[in-house]
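Below is the file work.pdb, which contains PDB, C-alpha atoms, pLDDT in the B column.
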MODEL        1
ATOM      1  CA  MET A 134      22.020  59.894  37.221  1.00 76.00           C
ATOM      2  CA  LYS A 135      23.352  62.359  34.644  1.00 85.00           C
ATOM      3  CA  GLN A 136      23.599  59.613  32.038  1.00 90.00           C
ATOM      4  CA  ALA A 137      20.004  58.522  32.693  1.00 90.00           C
ATOM      5  CA  ILE A 138      18.749  62.094  32.219  1.00 93.00           C
ATOM      6  CA  ILE A 139      20.658  62.380  28.931  1.00 94.00           C
ATOM      7  CA  LEU A 140      19.260  59.082  27.639  1.00 95.00           C
ATOM      8  CA  TRP A 141      15.689  59.986  28.623  1.00 96.00           C
ATOM      9  CA  ALA A 142      16.080  63.402  26.990  1.00 96.00           C
ATOM     10  CA  ALA A 143      17.445  61.792  23.823  1.00 96.00           C
ATOM     11  CA  ALA A 144      14.555  59.306  23.777  1.00 97.00           C
ATOM     12  CA  ALA A 145      12.028  62.121  24.250  1.00 97.00           C
ATOM     13  CA  ILE A 146      13.552  64.169  21.422  1.00 97.00           C
ATOM     14  CA  ILE A 147      13.567  61.205  19.036  1.00 97.00           C
ATOM     15  CA  ALA A 148       9.961  60.344  19.983  1.00 97.00           C
ATOM     16  CA  PHE A 149       8.868  63.954  19.443  1.00 96.00           C
ATOM     17  CA  ILE A 150      10.552  64.131  16.024  1.00 97.00           C
ATOM     18  CA  ALA A 151       9.045  60.789  15.045  1.00 96.00           C
ATOM     19  CA  GLY A 152       5.558  61.883  16.149  1.00 95.00           C
ATOM     20  CA  TYR A 153       5.785  65.220  14.372  1.00 95.00           C
ATOM     21  CA  THR A 154       7.088  63.642  11.169  1.00 94.00           C
ATOM     22  CA  GLN A 155       4.476  60.901  11.175  1.00 93.00           C
ATOM     23  CA  ASN A 156       1.674  63.396  11.764  1.00 91.00           C
ATOM     24  CA  THR A 157       2.701  65.873   9.067  1.00 90.00           C
ATOM     25  CA  THR A 158       3.370  63.189   6.444  1.00 90.00           C
ATOM     26  CA  SER A 159       0.207  61.208   7.170  1.00 89.00           C
ATOM     27  CA  SER A 160      -2.318  60.835   4.364  1.00 87.00           C
ATOM     28  CA  TYR A 161      -4.900  62.191   6.830  1.00 90.00           C
ATOM     29  CA  TYR A 162      -3.046  65.455   7.453  1.00 92.00           C
ATOM     30  CA  PRO A 163      -5.308  68.442   6.608  1.00 94.00           C
ATOM     31  CA  ILE A 164      -4.884  70.360   3.366  1.00 93.00           C
ATOM     32  CA  ASN A 165      -3.676  73.872   4.254  1.00 92.00           C
ATOM     33  CA  GLY A 166      -3.025  76.879   2.074  1.00 91.00           C
ATOM     34  CA  THR A 167      -2.956  80.637   1.653  1.00 91.00           C
ATOM     35  CA  VAL A 168      -4.185  82.408  -1.482  1.00 90.00           C
ATOM     36  CA  ASP A 169      -3.949  86.047  -2.563  1.00 87.00           C
ATOM     37  CA  ILE A 170      -7.185  87.801  -3.512  1.00 87.00           C
ATOM     38  CA  SER A 171      -7.966  91.366  -4.546  1.00 82.00           C
ATOM     39  CA  SER A 172      -8.577  92.561  -0.969  1.00 78.00           C
ATOM     40  CA  GLY A 173      -5.664  90.738   0.692  1.00 83.00           C
ATOM     41  CA  GLU A 174      -5.180  87.059   1.365  1.00 88.00           C
ATOM     42  CA  ILE A 175      -7.169  84.114   2.663  1.00 89.00           C
ATOM     43  CA  SER A 176      -6.179  80.944   4.504  1.00 93.00           C
ATOM     44  CA  TYR A 177      -7.849  77.573   4.823  1.00 94.00           C
ATOM     45  CA  SER A 178      -7.375  74.217   6.497  1.00 93.00           C
ATOM     46  CA  PHE A 179      -9.573  71.412   5.175  1.00 95.00           C
ATOM     47  CA  ASP A 180      -9.806  68.091   7.019  1.00 96.00           C
ATOM     48  CA  LYS A 181      -9.672  64.583   5.590  1.00 96.00           C
ATOM     49  CA  ILE A 182     -11.086  62.951   8.740  1.00 95.00           C
ATOM     50  CA  PHE A 183     -14.018  64.110  10.873  1.00 95.00           C
ATOM     51  CA  ARG A 184     -14.855  62.460  14.197  1.00 89.00           C
ATOM     52  CA  GLY A 185     -17.113  65.119  15.666  1.00 82.00           C
ATOM     53  CA  LYS A 186     -20.823  65.055  16.298  1.00 83.00           C
ATOM     54  CA  GLY A 187     -23.204  66.669  13.850  1.00 88.00           C
ATOM     55  CA  SER A 188     -22.187  68.372  10.610  1.00 94.00           C
ATOM     56  CA  TYR A 189     -18.660  69.232   9.489  1.00 96.00           C
ATOM     57  CA  GLN A 190     -17.864  72.945   9.384  1.00 94.00           C
ATOM     58  CA  VAL A 191     -15.806  74.276   6.486  1.00 95.00           C
ATOM     59  CA  LEU A 192     -13.966  77.474   7.371  1.00 92.00           C
ATOM     60  CA  VAL A 193     -12.018  79.999   5.284  1.00 92.00           C
ATOM     61  CA  VAL A 194     -10.532  83.090   6.954  1.00 91.00           C
ATOM     62  CA  GLY A 195      -9.115  86.248   5.406  1.00 85.00           C
ATOM     63  CA  ASP A 196      -9.667  89.751   4.098  1.00 80.00           C
ATOM     64  CA  PHE A 197     -13.103  89.589   2.481  1.00 77.00           C
ATOM     65  CA  THR A 198     -14.948  92.544   0.950  1.00 72.00           C
ATOM     66  CA  ASN A 199     -16.984  91.883  -2.209  1.00 69.00           C
ATOM     67  CA  GLN A 200     -16.239  88.175  -2.562  1.00 73.00           C
ATOM     68  CA  THR A 201     -18.920  85.523  -2.721  1.00 81.00           C
ATOM     69  CA  SER A 202     -18.241  81.846  -2.179  1.00 88.00           C
ATOM     70  CA  MET A 203     -19.776  78.425  -2.604  1.00 92.00           C
ATOM     71  CA  LEU A 204     -19.144  75.143  -0.810  1.00 95.00           C
ATOM     72  CA  MET A 205     -19.392  72.241  -3.247  1.00 94.00           C
ATOM     73  CA  TRP A 206     -19.670  68.700  -1.919  1.00 94.00           C
ATOM     74  CA  LYS A 207     -20.912  65.294  -2.995  1.00 93.00           C
ATOM     75  CA  ASP A 208     -21.019  61.752  -1.691  1.00 91.00           C
ATOM     76  CA  GLU A 209     -18.051  59.800  -2.988  1.00 84.00           C
ATOM     77  CA  ASN A 210     -20.266  57.090  -4.507  1.00 77.00           C
ATOM     78  CA  ASN A 211     -22.339  59.694  -6.388  1.00 72.00           C
ATOM     79  CA  SER A 212     -20.263  60.970  -9.303  1.00 68.00           C
ATOM     80  CA  SER A 213     -22.794  63.447 -10.711  1.00 70.00           C
ATOM     81  CA  LYS A 214     -24.771  65.166  -7.949  1.00 82.00           C
ATOM     82  CA  TRP A 215     -22.891  68.119  -6.460  1.00 88.00           C
ATOM     83  CA  ASN A 216     -24.443  70.063  -3.608  1.00 92.00           C
ATOM     84  CA  ASN A 217     -23.735  73.802  -3.820  1.00 92.00           C
ATOM     85  CA  ILE A 218     -24.101  75.728  -0.564  1.00 92.00           C
ATOM     86  CA  PRO A 219     -23.380  79.476  -0.257  1.00 93.00           C
ATOM     87  CA  LEU A 220     -20.897  80.230   2.517  1.00 91.00           C
ATOM     88  CA  ARG A 221     -21.903  82.887   5.015  1.00 89.00           C
ATOM     89  CA  ASN A 222     -19.505  85.693   5.894  1.00 85.00           C
ATOM     90  CA  SER A 223     -19.056  86.282   9.630  1.00 82.00           C
ATOM     91  CA  ASN A 224     -16.247  88.519  10.909  1.00 82.00           C
ATOM     92  CA  ASN A 225     -13.945  87.778   7.960  1.00 82.00           C
ATOM     93  CA  GLU A 226     -14.739  84.072   8.127  1.00 87.00           C
ATOM     94  CA  LEU A 227     -16.522  82.158   5.399  1.00 90.00           C
ATOM     95  CA  ILE A 228     -18.476  79.333   7.013  1.00 93.00           C
ATOM     96  CA  GLY A 229     -20.338  76.392   5.504  1.00 93.00           C
ATOM     97  CA  GLU A 230     -21.418  72.950   6.646  1.00 95.00           C
ATOM     98  CA  ILE A 231     -21.467  69.442   5.227  1.00 95.00           C
ATOM     99  CA  PRO A 232     -24.339  67.491   6.847  1.00 94.00           C
ATOM    100  CA  GLN A 233     -23.622  64.627   9.206  1.00 92.00           C
ATOM    101  CA  HIS A 234     -23.036  61.256   7.540  1.00 91.00           C
ATOM    102  CA  GLN A 235     -22.942  57.697   8.784  1.00 89.00           C
ATOM    103  CA  PRO A 236     -19.588  56.448  10.120  1.00 89.00           C
ATOM    104  CA  MET A 237     -17.165  55.419   7.352  1.00 89.00           C
ATOM    105  CA  SER A 238     -19.026  57.496   4.729  1.00 92.00           C
ATOM    106  CA  LYS A 239     -16.839  59.565   2.412  1.00 94.00           C
ATOM    107  CA  VAL A 240     -17.513  62.882   0.682  1.00 95.00           C
ATOM    108  CA  GLU A 241     -15.609  65.026  -1.773  1.00 94.00           C
ATOM    109  CA  TYR A 242     -15.584  68.779  -1.328  1.00 95.00           C
ATOM    110  CA  ARG A 243     -13.928  72.068  -2.194  1.00 94.00           C
ATOM    111  CA  VAL A 244     -14.715  75.805  -2.076  1.00 95.00           C
ATOM    112  CA  ARG A 245     -15.240  78.104  -5.079  1.00 92.00           C
ATOM    113  CA  LEU A 246     -14.615  81.791  -4.463  1.00 90.00           C
ATOM    114  CA  ASN A 247     -15.843  84.549  -6.768  1.00 88.00           C
ATOM    115  CA  ASP A 248     -13.334  87.385  -6.364  1.00 86.00           C
ATOM    116  CA  ASN A 249     -14.852  90.249  -8.386  1.00 82.00           C
ATOM    117  CA  GLY A 250     -15.503  87.995 -11.364  1.00 82.00           C
ATOM    118  CA  LYS A 251     -12.399  85.842 -10.955  1.00 87.00           C
ATOM    119  CA  PHE A 252     -13.149  82.308  -9.801  1.00 89.00           C
ATOM    120  CA  ILE A 253     -10.734  80.688  -7.360  1.00 90.00           C
ATOM    121  CA  LEU A 254     -10.930  77.066  -6.261  1.00 92.00           C
ATOM    122  CA  LEU A 255      -9.781  76.000  -2.804  1.00 93.00           C
ATOM    123  CA  PRO A 256      -7.739  73.886  -2.923  1.00 92.00           C
ATOM    124  CA  GLN A 257      -6.689  74.818  -6.424  1.00 84.00           C
ATOM    125  CA  THR A 258      -5.512  71.432  -7.707  1.00 84.00           C
ATOM    126  CA  GLN A 259      -7.926  68.780  -6.436  1.00 85.00           C
ATOM    127  CA  ASN A 260     -11.083  67.894  -4.569  1.00 90.00           C
ATOM    128  CA  ILE A 261     -10.647  66.790  -0.969  1.00 94.00           C
ATOM    129  CA  THR A 262     -11.922  63.384   0.095  1.00 94.00           C
ATOM    130  CA  MET A 263     -13.036  63.346   3.713  1.00 95.00           C
ATOM    131  CA  GLN A 264     -14.212  60.386   5.761  1.00 95.00           C
ATOM    132  CA  PHE A 265     -16.830  60.701   8.476  1.00 95.00           C
ATOM    133  CA  LEU A 266     -16.116  58.599  11.540  1.00 93.00           C
ATOM    134  CA  GLY A 267     -18.129  57.980  14.668  1.00 90.00           C
ATOM    135  CA  ASN A 268     -17.540  60.299  17.605  1.00 90.00           C
ATOM    136  CA  VAL A 269     -14.690  59.248  19.908  1.00 92.00           C
ATOM    137  CA  PRO A 270     -14.882  60.557  23.518  1.00 92.00           C
ATOM    138  CA  SER A 271     -12.025  62.909  24.342  1.00 92.00           C
ATOM    139  CA  GLN A 272     -10.877  60.716  27.235  1.00 95.00           C
ATOM    140  CA  ILE A 273     -10.429  57.750  24.911  1.00 94.00           C
ATOM    141  CA  MET A 274      -8.428  59.868  22.463  1.00 95.00           C
ATOM    142  CA  GLN A 275      -6.234  61.134  25.297  1.00 96.00           C
ATOM    143  CA  PHE A 276      -5.417  57.655  26.579  1.00 97.00           C
ATOM    144  CA  TYR A 277      -4.992  56.439  22.993  1.00 97.00           C
ATOM    145  CA  PHE A 278      -2.205  58.950  22.380  1.00 97.00           C
ATOM    146  CA  ILE A 279      -0.738  58.618  25.887  1.00 97.00           C
ATOM    147  CA  THR A 280      -0.304  54.847  25.616  1.00 97.00           C
ATOM    148  CA  LEU A 281       0.942  55.067  22.017  1.00 97.00           C
ATOM    149  CA  PHE A 282       3.610  57.660  22.692  1.00 97.00           C
ATOM    150  CA  ALA A 283       4.525  56.109  26.038  1.00 97.00           C
ATOM    151  CA  GLY A 284       5.234  52.932  24.109  1.00 98.00           C
ATOM    152  CA  ILE A 285       7.229  54.807  21.462  1.00 98.00           C
ATOM    153  CA  LEU A 286       9.218  56.629  24.149  1.00 98.00           C
ATOM    154  CA  LEU A 287       9.915  53.449  26.112  1.00 98.00           C
ATOM    155  CA  SER A 288      10.888  51.518  22.988  1.00 98.00           C
ATOM    156  CA  ILE A 289      13.477  54.144  22.119  1.00 98.00           C
ATOM    157  CA  ARG A 290      14.678  54.287  25.726  1.00 97.00           C
ATOM    158  CA  THR A 291      15.025  50.497  25.715  1.00 97.00           C
ATOM    159  CA  SER A 292      17.278  50.700  22.656  1.00 97.00           C
ATOM    160  CA  LEU A 293      19.392  53.465  24.230  1.00 97.00           C
ATOM    161  CA  GLU A 294      19.925  51.309  27.310  1.00 95.00           C
ATOM    162  CA  ILE A 295      22.816  49.654  25.447  1.00 94.00           C
ATOM    163  CA  PHE A 296      24.907  52.732  26.288  1.00 94.00           C
ATOM    164  CA  THR A 297      24.699  52.136  30.037  1.00 92.00           C
ATOM    165  CA  GLU A 298      27.215  50.119  32.063  1.00 86.00           C
ATOM    166  CA  ARG A 299      24.536  47.988  33.678  1.00 89.00           C
ATOM    167  CA  PRO A 300      21.728  47.819  31.117  1.00 92.00           C
ATOM    168  CA  ARG A 301      18.238  47.084  32.391  1.00 95.00           C
ATOM    169  CA  ILE A 302      16.907  46.002  29.042  1.00 96.00           C
ATOM    170  CA  LYS A 303      14.568  43.351  30.431  1.00 96.00           C
ATOM    171  CA  MET A 304      12.832  45.844  32.696  1.00 97.00           C
ATOM    172  CA  TYR A 305      12.339  48.418  29.931  1.00 97.00           C
ATOM    173  CA  THR A 306      11.132  45.714  27.552  1.00 97.00           C
ATOM    174  CA  ILE A 307       8.410  44.707  30.025  1.00 97.00           C
ATOM    175  CA  PHE A 308       7.247  48.310  30.475  1.00 98.00           C
ATOM    176  CA  THR A 309       7.231  48.863  26.710  1.00 98.00           C
ATOM    177  CA  LEU A 310       5.142  45.750  26.173  1.00 97.00           C
ATOM    178  CA  ILE A 311       2.675  46.855  28.867  1.00 98.00           C
ATOM    179  CA  SER A 312       2.229  50.202  27.096  1.00 98.00           C
ATOM    180  CA  PHE A 313       1.632  48.612  23.693  1.00 98.00           C
ATOM    181  CA  PHE A 314      -0.629  45.975  25.240  1.00 97.00           C
ATOM    182  CA  SER A 315      -2.840  48.711  26.727  1.00 97.00           C
ATOM    183  CA  PHE A 316      -2.696  50.708  23.510  1.00 97.00           C
ATOM    184  CA  THR A 317      -3.568  47.845  21.161  1.00 96.00           C
ATOM    185  CA  LEU A 318      -6.075  45.771  23.105  1.00 94.00           C
ATOM    186  CA  ILE A 319      -7.839  48.528  25.025  1.00 95.00           C
ATOM    187  CA  PHE A 320      -7.669  52.097  23.758  1.00 96.00           C
ATOM    188  CA  SER A 321      -7.007  51.492  20.066  1.00 95.00           C
ATOM    189  CA  THR A 322      -9.803  48.931  19.971  1.00 92.00           C
ATOM    190  CA  VAL A 323     -12.309  51.158  21.772  1.00 92.00           C
ATOM    191  CA  LYS A 324     -11.358  54.123  19.594  1.00 94.00           C
ATOM    192  CA  ARG A 325     -11.831  52.071  16.448  1.00 92.00           C
ATOM    193  CA  GLY A 326     -15.162  50.755  17.693  1.00 90.00           C
ATOM    194  CA  CYS A 327     -16.385  54.321  18.213  1.00 89.00           C
ATOM    195  CA  GLU A 328     -15.172  55.354  14.761  1.00 91.00           C
ATOM    196  CA  LEU A 329     -16.980  52.443  13.117  1.00 88.00           C
ATOM    197  CA  GLY A 330     -20.180  53.189  15.013  1.00 83.00           C
ATOM    198  CA  LEU A 331     -20.018  49.876  16.884  1.00 82.00           C
ATOM    199  CA  ILE A 332     -19.884  51.593  20.285  1.00 72.00           C
ATOM    200  CA  GLY A 333     -22.776  53.928  20.974  1.00 61.00           C
ATOM    201  CA  GLY A 334     -24.468  52.907  17.736  1.00 56.00           C
ATOM    202  CA  THR A 335     -26.296  50.014  16.125  1.00 57.00           C
ATOM    203  CA  LYS A 336     -23.801  49.010  13.466  1.00 60.00           C
ATOM    204  CA  ILE A 337     -22.478  45.446  13.434  1.00 61.00           C
ATOM    205  CA  ALA A 338     -19.121  44.697  11.831  1.00 61.00           C
ATOM    206  CA  PRO A 339     -16.626  41.819  11.774  1.00 67.00           C
ATOM    207  CA  LEU A 340     -14.342  41.661  14.815  1.00 66.00           C
ATOM    208  CA  ASN A 341     -11.219  42.054  12.671  1.00 72.00           C
ATOM    209  CA  GLU A 342     -12.290  45.586  11.713  1.00 78.00           C
ATOM    210  CA  LEU A 343     -11.515  46.656  15.281  1.00 82.00           C
ATOM    211  CA  PHE A 344      -7.808  45.984  14.759  1.00 87.00           C
ATOM    212  CA  SER A 345      -5.596  48.113  12.519  1.00 89.00           C
ATOM    213  CA  SER A 346      -2.255  46.878  11.250  1.00 92.00           C
ATOM    214  CA  GLY A 347      -0.132  49.394  13.172  1.00 95.00           C
ATOM    215  CA  PRO A 348      -1.243  48.548  16.733  1.00 96.00           C
ATOM    216  CA  VAL A 349      -1.221  44.798  16.056  1.00 96.00           C
ATOM    217  CA  LEU A 350       2.298  44.932  14.600  1.00 97.00           C
ATOM    218  CA  LEU A 351       3.596  46.993  17.532  1.00 97.00           C
ATOM    219  CA  LEU A 352       2.202  44.540  20.068  1.00 97.00           C
ATOM    220  CA  SER A 353       3.485  41.542  18.093  1.00 97.00           C
ATOM    221  CA  ALA A 354       6.939  43.076  17.716  1.00 97.00           C
ATOM    222  CA  TRP A 355       7.322  43.591  21.457  1.00 98.00           C
ATOM    223  CA  ILE A 356       5.971  40.168  22.392  1.00 98.00           C
ATOM    224  CA  LEU A 357       8.681  38.769  20.141  1.00 97.00           C
ATOM    225  CA  ALA A 358      11.221  41.212  21.589  1.00 97.00           C
ATOM    226  CA  LEU A 359      10.346  40.069  25.117  1.00 97.00           C
ATOM    227  CA  ILE A 360      10.913  36.441  24.174  1.00 97.00           C
ATOM    228  CA  LEU A 361      14.246  37.170  22.487  1.00 97.00           C
ATOM    229  CA  VAL A 362      15.539  39.514  25.186  1.00 96.00           C
ATOM    230  CA  PHE A 363      14.801  37.000  27.967  1.00 96.00           C
ATOM    231  CA  ASN A 364      16.070  33.969  26.087  1.00 95.00           C
ATOM    232  CA  SER A 365      19.047  35.234  24.115  1.00 92.00           C
ATOM    233  CA  LYS A 366      22.543  36.298  25.037  1.00 90.00           C
ATOM    234  CA  LYS A 367      22.223  39.119  22.486  1.00 93.00           C
ATOM    235  CA  SER A 368      19.633  41.134  24.397  1.00 94.00           C
ATOM    236  CA  LYS A 369      21.258  44.447  23.419  1.00 95.00           C
ATOM    237  CA  PHE A 370      21.069  43.534  19.745  1.00 96.00           C
ATOM    238  CA  TRP A 371      17.394  42.586  19.957  1.00 97.00           C
ATOM    239  CA  ALA A 372      16.578  45.725  21.941  1.00 96.00           C
ATOM    240  CA  VAL A 373      18.002  47.886  19.151  1.00 97.00           C
ATOM    241  CA  ILE A 374      16.226  45.866  16.451  1.00 97.00           C
ATOM    242  CA  ALA A 375      12.922  46.174  18.330  1.00 97.00           C
ATOM    243  CA  GLY A 376      13.358  49.944  18.673  1.00 97.00           C
ATOM    244  CA  ILE A 377      14.069  50.347  14.958  1.00 97.00           C
ATOM    245  CA  ALA A 378      11.128  48.087  14.066  1.00 97.00           C
ATOM    246  CA  THR A 379       8.875  50.229  16.280  1.00 98.00           C
ATOM    247  CA  LEU A 380       9.727  53.397  14.375  1.00 97.00           C
ATOM    248  CA  ILE A 381       9.258  51.661  11.001  1.00 97.00           C
ATOM    249  CA  ILE A 382       5.828  50.362  12.044  1.00 97.00           C
ATOM    250  CA  PHE A 383       4.903  53.772  13.444  1.00 96.00           C
ATOM    251  CA  PHE A 384       5.735  55.471  10.136  1.00 94.00           C
ATOM    252  CA  PHE A 385       4.221  52.937   7.758  1.00 92.00           C
ATOM    253  CA  GLY A 386       1.538  51.084   9.732  1.00 90.00           C
ATOM    254  CA  ARG A 387      -2.144  51.937   9.631  1.00 88.00           C
ATOM    255  CA  PHE A 388      -3.443  53.451  12.862  1.00 88.00           C
TER
ENDMDL
END

If you took the structure in this file and wrote it as C-alpha cells, what would it be?
Amino acid sequence: MKQAIILWAAAAIIAFIAGYTQNTTSSYYPINGTVDISSGEISYSFDKIFRGKGSYQVLVVGDFTNQTSMLMWKDENNSSKWNNIPLRNSNNELIGEIPQHQPMSKVEYRVRLNDNGKFILLPQTQNITMQFLGNVPSQIMQFYFITLFAGILLSIRTSLEIFTERPRIKMYTIFTLISFFSFTLIFSTVKRGCELGLIGGTKIAPLNELFSSGPVLLLSAWILALILVFNSKKSKFWAVIAGIATLIIFFFGRF
C-alpha cells in the first residue's frame, strides 16, 4: 500500500512538472511583461490564442496618471492598414478591444503608450500575432484536459509499475489507452471542431483538420504499446518506452 502511494505521488509530480513545462514553453503562451513609467509601473499579458465569444479585450494595468495609449492592430494578411484605437482608462486599467473575427483568422497587435512625451511600445520588441478560434464550451475544455492529463498520469504510472514486485502493466496499459482513446477521438475532436467553426457554425473543412498530430500520436503509441505489452516477454521494457514516448509527444506534438 505504501509503495503504491509513493508511485502514484511520483507519477502525479512528474505529470504536473510536465504539464507546467509544456504550458510555459508553448508557442501559444501569452506574452507577459512589466515596464517602468514616470508614475510607477505597468503590467500586461497579451494572448496569442482567443477562443471567446465576441471581441478580444486588451488589458494593461498599472499606475496611470497623465499617460495616453493606443491599441494598434491589423489583419495578418493586410500589411499596410493599421487600426488605431484609443484605450480607455478605468480604475488604473487601460482597456481596448479587437473586433471579433472568423475562426482561424489572425491579427497582429501591440500597444503604444505616450508617457509624458515618451513613447513606449508593449511589447517592446515585436508585434504579437493572435489567432481567433471558435468558441469552445467550458465543459468540453474541462473534459479535454481531464482526459489528456489522466492519460499522461496513467502513462507515467504504467512505466513506474516496473518497480513493483507484481507489476500490473497490462491493466495500466488498458486504462491509459482508454484515456487517450477518449481524449483523441471524442474531446480533442469536438474541441477542434468548435475552434474551426465546424460545430455551431456553417464552415465546412476537410475531416483531417479535426485531428492534430499530438492526440493522434498519443493514441497510436498506446495502441502499439498494448500490442507489445500483451504479446512480448519484455512488457516492462515496452511500458517504459511508451511512457517516455508519451512525454516526448506531449512536449513536441501539436495539440

- With the file shown as input, list the residues that the PyMOL selection byres ((chain A and resi 169-179) around 6) selects, as JSON, numbers by chain. {"A": [163, 164, 165, 166, 167, 168, 180, 193, 194, 195, 196]}

- Given the file shown, determine the residues that the PyMOL selection byres ((chain A and resi 223) around 12) selects; report them as a list in words. Leu192, Val193, Val194, Gly195, Asp196, Phe197, Thr198, Leu220, Arg221, Asn222, Asn224, Asn225, Glu226, Leu227, Ile228 and Gly229 of chain A

- Query: What does the distance from CA of Ser292 in chain A to CA of Gly376 in chain A come to in Å, to one decimal?
  - Reply: 5.6 Å

- Exactly which residues make up the result of the PyMOL selection byres ((chain A and resi 264) around 7) on this file, given as a ChimeraX atom specification? /A:181-183,237-240,262-263,265-266

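Using only C-alpha atoms for every distance, the candidate list A:Arg301, A:His234, A:Arg290, A:Lys369 yields A:Arg290 as the residue closest to Ile146 in chain A.
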
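Once range 342-350 of chain A and its same-chain neighbours fewer than 6 positions away are set aside, Thr317, Thr322, Arg325, Gly326, Ile382, Phe383, Gly386, Arg387 and Phe388 of chain A remain within 7 Å of it when counting all atoms listed in the file.
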
Using only the atoms of range 262-270 of chain A listed in the file, plus 3 Å on each side, state the axis-aligned box centre and edge lengths in Å rounded to one decimal, as JSON.
{"center_x": -15.0, "center_y": 60.7, "center_z": 11.8, "size_x": 12.2, "size_y": 11.4, "size_z": 29.4}

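Closest to Phe278 in chain A among A:Ser159, A:Leu254, A:Ile147, A:Gly152 is A:Gly152, based on only C-alpha atoms.
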
- Message: Set the distance at 8 Å and use all atoms listed in the file: which residues neighbour Cys327 in chain A once local chain neighbours fewer than 5 positions away are removed? I'd like the list as a ChimeraX atom specification.
- Response: /A:266-269,332-333

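The coordinates place CA of Lys303 in chain A at 20.0 Å from CA of Ile139 in chain A.
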
- Note on the structure: Of A:Arg299, A:Lys207, A:Lys367, A:Lys214, the one sitting nearest Arg243 in chain A when using only C-alpha atoms is A:Lys207

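Relative to CA of Thr157 in chain A, CA of Pro270 in chain A is found at 23.4 Å.
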
- Message: Measuring between only C-alpha atoms, which one of A:Arg245, A:Arg184, A:Lys366, A:Lys251 shows the shortest distance to Lys324 in chain A?
- Response: A:Arg184
